[in-house]
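Undergrad: Structure below; questions to follow.
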Amino acid sequence: MSQRHDRPAKPPDELQFIYADAAETFERFDDLEQRLVGRYRRRLFTRAQGDVLDVACGTGSNLRHVPGGCSVVGVDLSGPMLDGARREAASLSRDVTFAHADAQRLPFDDDALDTVVSALSTCTFPDPVDALAEMARVCKPSGRLLLFEHGRSSVRPLAWGQDRLAPRHFENMGCRWNQSPEALVREAGLPVRRVDRHLAGVFSSLVVGPTPSDG
Ligand SMILES: C[S@@+](CC[C@H](N)C(=O)[O-])C[C@H]1O[C@@H](n2cnc3c(N)ncnc32)[C@H](O)[C@@H]1O
């Protein structure tokens, strides 16, 4: 896999190992996480329409926010995370298709989906710009990418703390938590339609493209 960008990245097999280990914790803390950021996820993902792809769906934290009329496919690199997502879909009585897939090689045709959603994911993809381009490829020109991401705080002392702890956090979780999700989207050449930042700017909701020529 090519790594075109000068940012730390873990290989997919190591990420699989890390997230296999973390899956149970993600499920256990889902209620707490939803209390913290569920309202931001809901505001963003209720915009989803039609055929929806959730990239790096994890244990399925986005599912409850995607409107019931949508048909949803969730993909992730980690089997145990996908197992958690299956349990979440069952508890919501949602008929969701899940597949094991790499965000940088999505097994979908060009322009196949109406909406591509992804949360807290570009921080771990080995090449997030490549993954964003891949999300745009599979999304119809009339569609949207909806991204809920975390990154470097807009509050200086907090950003300083993130910077200091970034190497350790990357080592443990393969997560670059002090990057700028908006800058990544721009680096991928995709138009940012809307950005809302939350909780000291640590979280961002982005409505994107999907194609530069989309107007
Ligand atoms: C921090 S979790 C976020 C999960 C979920 N989207 C959420 O909001 O809770 C990051 C997820 O990205 C997945 N992941 C990491 N690299 C990936 C890749 N290259 N392709 C697909 N999924 C990947 C991990 O397995 C993990 O489930």
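As shown in the structure tokens, the chain order sets the letters A, B, ...; within each chain, residues go from 1, and ligands are also counted from 1 in the order they appear.
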Near range 3-18 of chain A, within 9 Å and counting only C-alpha atoms, which residues show up once chain neighbours fewer than 6 positions away are dropped, as a list in words?

TA: Leu77, Ser78, Gly79, Asp102, Thr124, Phe125, Pro126, Asp127, Val129, Asp130, Phe170, Glu171, Asn172, Met173, Gly174, Cys175 and Arg176 of chain A

Undergrad: Please find the residues contacting ligand 1 at a distance of at most 8 Å between atoms, with only C-alpha atoms and all ligand atoms counted, and report them as an NGL selection string.

TA: :A and (12 or 15-16 or 18-20 or 23 or 26 or 30 or 54-62 or 75-79 or 81-82 or 100-104 or 118-126 or 131 or 148 or 175)

Undergrad: Counting only C-alpha atoms, which residue out of A:Leu36, A:Val72, A:Ala188, A:Val116 sits closest to Phe203 in chain A?

TA: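 Among the listed residues, A:Leu36 lies closest to Phe203 in chain A.
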
Undergrad: Name the residues of range 26-187 of chain A that come out as helix (DSSP H, G or I) in a backbone DSSP run; write them as a ChimeraX atom specification.

TA: /A:26-28,30-45,63-65,79-91,128-138,156-173,181-187

Undergrad: What's around Gly50 in chain A at 9 Å? Count only C-alpha atoms, leave out sequence neighbours fewer than 6 positions away in its own chain, and write the answer as a ChimeraX atom specification.

TA: /A:69-72,113-115

Undergrad: Put those residues in a file: N, CA, C and O atoms, as a short mmCIF file (atom, residue, chain, number, x, y, z; two decimals), in the first residue's frame.

TA:
data_model
loop_
_atom_site.label_atom_id
_atom_site.label_comp_id
_atom_site.auth_asym_id
_atom_site.auth_seq_id
_atom_site.Cartn_x
_atom_site.Cartn_y
_atom_site.Cartn_z
N GLY A 69 -35.29 4.82 6.59
CA GLY A 69 -35.60 4.52 5.18
C GLY A 69 -34.37 4.22 4.34
O GLY A 69 -34.50 3.78 3.19
N CYS A 70 -33.19 4.46 4.88
CA CYS A 70 -31.96 4.24 4.11
C CYS A 70 -31.59 2.76 4.12
O CYS A 70 -31.85 2.06 5.09
N SER A 71 -30.95 2.34 3.04
CA SER A 71 -30.36 0.99 3.05
C SER A 71 -28.88 1.17 3.39
O SER A 71 -28.20 2.02 2.81
N VAL A 72 -28.40 0.40 4.36
CA VAL A 72 -27.06 0.66 4.90
C VAL A 72 -26.13 -0.55 4.74
O VAL A 72 -26.52 -1.69 5.01
N LEU A 113 -23.04 4.79 -4.35
CA LEU A 113 -23.79 5.12 -3.13
C LEU A 113 -24.32 6.55 -3.16
O LEU A 113 -23.73 7.42 -3.78
N ASP A 114 -25.44 6.75 -2.44
CA ASP A 114 -25.99 8.12 -2.33
C ASP A 114 -25.28 8.91 -1.24
O ASP A 114 -25.12 10.13 -1.35
N THR A 115 -24.92 8.22 -0.16
CA THR A 115 -24.26 8.89 0.97
C THR A 115 -23.18 7.98 1.52
O THR A 115 -23.41 6.78 1.68
#

Undergrad: At a cut-off of 10 Å, using only C-alpha atoms, what residues contact Asn178 in chain A? Leave out same-chain residues fewer than 5 positions from it and give the result as an mmCIF file with N, CA, C and O atoms, in the first residue's frame.

TA:
data_model
loop_
_atom_site.group_PDB
_atom_site.id
_atom_site.type_symbol
_atom_site.label_atom_id
_atom_site.label_comp_id
_atom_site.auth_asym_id
_atom_site.auth_seq_id
_atom_site.Cartn_x
_atom_site.Cartn_y
_atom_site.Cartn_z
ATOM 1 N N CYS A 123 -8.361 9.410 11.382
ATOM 2 C CA CYS A 123 -7.216 9.452 12.302
ATOM 3 C C CYS A 123 -6.430 8.151 12.297
ATOM 4 O O CYS A 123 -5.266 8.130 12.703
ATOM 5 N N HIS A 150 -12.440 13.517 14.861
ATOM 6 C CA HIS A 150 -11.799 14.272 15.935
ATOM 7 C C HIS A 150 -10.415 14.721 15.482
ATOM 8 O O HIS A 150 -9.842 14.165 14.546
ATOM 9 N N GLY A 151 -9.919 15.778 16.144
ATOM 10 C CA GLY A 151 -8.630 16.324 15.739
ATOM 11 C C GLY A 151 -8.107 17.286 16.787
ATOM 12 O O GLY A 151 -8.533 17.261 17.954
ATOM 13 N N ARG A 152 -7.199 18.125 16.337
ATOM 14 C CA ARG A 152 -6.513 19.045 17.253
ATOM 15 C C ARG A 152 -7.496 20.126 17.739
ATOM 16 O O ARG A 152 -8.179 20.761 16.939
ATOM 17 N N SER A 153 -7.534 20.326 19.039
ATOM 18 C CA SER A 153 -8.453 21.306 19.634
ATOM 19 C C SER A 153 -8.135 22.727 19.163
ATOM 20 O O SER A 153 -6.989 23.052 18.857
ATOM 21 N N ALA A 159 -4.827 21.744 22.929
ATOM 22 C CA ALA A 159 -4.052 21.318 21.745
ATOM 23 C C ALA A 159 -2.622 20.969 22.152
ATOM 24 O O ALA A 159 -2.043 19.991 21.662
ATOM 25 N N TRP A 160 -2.079 21.763 23.052
ATOM 26 C CA TRP A 160 -0.707 21.502 23.546
ATOM 27 C C TRP A 160 -0.642 20.120 24.193
ATOM 28 O O TRP A 160 0.261 19.324 23.935
ATOM 29 N N GLY A 161 -1.649 19.823 25.041
ATOM 30 C CA GLY A 161 -1.697 18.515 25.697
ATOM 31 C C GLY A 161 -1.843 17.398 24.669
ATOM 32 O O GLY A 161 -1.174 16.355 24.781
ATOM 33 N N GLN A 162 -2.690 17.615 23.676
ATOM 34 C CA GLN A 162 -2.853 16.593 22.631
ATOM 35 C C GLN A 162 -1.521 16.339 21.914
ATOM 36 O O GLN A 162 -1.154 15.194 21.658
ATOM 37 N N ASP A 163 -0.840 17.452 21.584
ATOM 38 C CA ASP A 163 0.446 17.313 20.875
ATOM 39 C C ASP A 163 1.442 16.501 21.697
ATOM 40 O O ASP A 163 2.147 15.635 21.184
ATOM 41 N N ARG A 164 1.488 16.807 23.002
ATOM 42 C CA ARG A 164 2.452 16.115 23.873
ATOM 43 C C ARG A 164 2.159 14.618 23.951
ATOM 44 O O ARG A 164 3.063 13.797 23.977
ATOM 45 N N LEU A 165 0.848 14.288 24.014
ATOM 46 C CA LEU A 165 0.485 12.873 24.198
ATOM 47 C C LEU A 165 0.297 12.126 22.882
ATOM 48 O O LEU A 165 0.081 10.915 22.879
ATOM 49 N N ALA A 166 0.390 12.874 21.767
ATOM 50 C CA ALA A 166 0.101 12.261 20.457
ATOM 51 C C ALA A 166 0.966 11.033 20.154
ATOM 52 O O ALA A 166 0.433 10.011 19.705
ATOM 53 N N PRO A 167 2.294 11.074 20.412
ATOM 54 C CA PRO A 167 3.100 9.892 20.079
ATOM 55 C C PRO A 167 2.656 8.649 20.853
ATOM 56 O O PRO A 167 2.566 7.558 20.299
ATOM 57 N N PHE A 170 -0.710 7.463 19.529
ATOM 58 C CA PHE A 170 -0.524 6.805 18.229
ATOM 59 C C PHE A 170 0.033 5.394 18.430
ATOM 60 O O PHE A 170 -0.419 4.426 17.808
ATOM 61 N N VAL A 202 -12.494 19.864 19.372
ATOM 62 C CA VAL A 202 -11.886 18.531 19.260
ATOM 63 C C VAL A 202 -12.634 17.688 18.220
ATOM 64 O O VAL A 202 -12.014 16.911 17.491
#

Undergrad: Which of these residues is nearest to Pro67 in chain A, using only C-alpha atoms: A:Thr46, A:Lys140, A:Val117, A:Ala90?

TA: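 Residue with the minimum atom-to-atom distance to Pro67 in chain A: A:Thr46.
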
Undergrad: Considering only C-alpha atoms, return as a PDB file with N, CA and C atoms, in the first residue's frame whatever protein or nucleic-acid residues lie within 9 Å of Leu184 in chain A, sequence-local ones (same chain, fewer than 3 positions apart) excluded.

TA:
ATOM      1  N   THR A 122     -10.573   8.833   9.985  1.00  0.00           N
ATOM      2  CA  THR A 122      -9.430   9.320   9.200  1.00  0.00           C
ATOM      3  C   THR A 122      -8.165   9.416  10.063  1.00  0.00           C
ATOM      4  N   PRO A 128      -5.084   8.636   4.990  1.00  0.00           N
ATOM      5  CA  PRO A 128      -6.455   9.151   5.070  1.00  0.00           C
ATOM      6  C   PRO A 128      -6.894   9.899   3.806  1.00  0.00           C
ATOM      7  N   VAL A 129      -5.932  10.517   3.130  1.00  0.00           N
ATOM      8  CA  VAL A 129      -6.269  11.263   1.913  1.00  0.00           C
ATOM      9  C   VAL A 129      -6.716  10.282   0.821  1.00  0.00           C
ATOM     10  N   LEU A 132     -10.185   9.066   1.712  1.00  0.00           N
ATOM     11  CA  LEU A 132     -11.220  10.069   1.394  1.00  0.00           C
ATOM     12  C   LEU A 132     -11.503  10.086  -0.108  1.00  0.00           C
ATOM     13  N   GLN A 179      -4.480  15.768  14.322  1.00  0.00           N
ATOM     14  CA  GLN A 179      -4.486  16.251  12.929  1.00  0.00           C
ATOM     15  C   GLN A 179      -5.741  17.110  12.692  1.00  0.00           C
ATOM     16  N   SER A 180      -5.834  17.686  11.496  1.00  0.00           N
ATOM     17  CA  SER A 180      -7.008  18.499  11.153  1.00  0.00           C
ATOM     18  C   SER A 180      -7.834  17.750  10.105  1.00  0.00           C
ATOM     19  N   PRO A 181      -9.032  17.265  10.485  1.00  0.00           N
ATOM     20  CA  PRO A 181      -9.863  16.542   9.516  1.00  0.00           C
ATOM     21  C   PRO A 181     -10.206  17.406   8.299  1.00  0.00           C
ATOM     22  N   GLU A 187      -6.932  18.419   1.341  1.00  0.00           N
ATOM     23  CA  GLU A 187      -5.783  17.772   0.696  1.00  0.00           C
ATOM     24  C   GLU A 187      -6.249  16.724  -0.329  1.00  0.00           C
ATOM     25  N   ALA A 188      -7.392  16.114  -0.052  1.00  0.00           N
ATOM     26  CA  ALA A 188      -7.940  15.119  -0.993  1.00  0.00           C
ATOM     27  C   ALA A 188      -8.610  15.807  -2.186  1.00  0.00           C
ATOM     28  N   GLY A 189      -8.662  17.142  -2.163  1.00  0.00           N
ATOM     29  CA  GLY A 189      -9.238  17.904  -3.280  1.00  0.00           C
ATOM     30  C   GLY A 189     -10.756  17.895  -3.290  1.00  0.00           C
TER      31      GLY A 189
END

Undergrad: I need the residues of chain A that end up classed as strand (DSSP E or B) by DSSP on the backbone, written out as an MDAnalysis selection string.

TA: chainID A and resid 51:55 71:76 96:100 113:119 139:150 192:198 203:208

Undergrad: Provide the CA of Glu27 in chain A to CA of Arg86 in chain A distance in Å, to one decimal place.

TA: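 Computing the Euclidean distance for CA of Glu27 in chain A and CA of Arg86 in chain A yields 11.5 Å.
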
Undergrad: Using only C-alpha atoms, pick whichever of A:Met135, A:Leu44, A:Glu24, A:Phe29 has the shortest atom-to-atom distance to Asp83 in chain A.

TA: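 Result for the nearest residue to Asp83 in chain A: A:Glu24.
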
Undergrad: Name the closest residue to Ser205 in chain A among the candidates A:Val73, A:Leu53, A:Val37, A:Leu63; distances are taken between atoms, counting only C-alpha atoms.

TA: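 Closest to Ser205 in chain A, using only C-alpha atoms: A:Val37.
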
Undergrad: Interatomic distance between CA of Ser154 in chain A and CA of Gly209 in chain A?

TA: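 About the pair CA of Ser154 in chain A and CA of Gly209 in chain A: they are 24.1 Å apart.
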
Undergrad: Can you tell me how far CA of Val138 in chain A sits from CA of Val208 in chain A, in Å to one decimal?

TA: 13.5 Å

Undergrad: Which residue out of A:Asp95, A:Ala183, A:Tyr40, A:Ala133 has the minimum interatomic distance to Arg197 in chain A when only C-alpha atoms are used?

TA: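 The shortest atom-to-atom distance to Arg197 in chain A comes from A:Tyr40.
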
Undergrad: Got a sec: who's within 6 Å of Leu206 in chain A, counting only C-alpha atoms, leaving out chain neighbours fewer than 6 positions off, as a list in words?

TA: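 After dropping sequence-adjacent residues, the list is Leu146, Leu147, Arg194 and Val195 of chain A.
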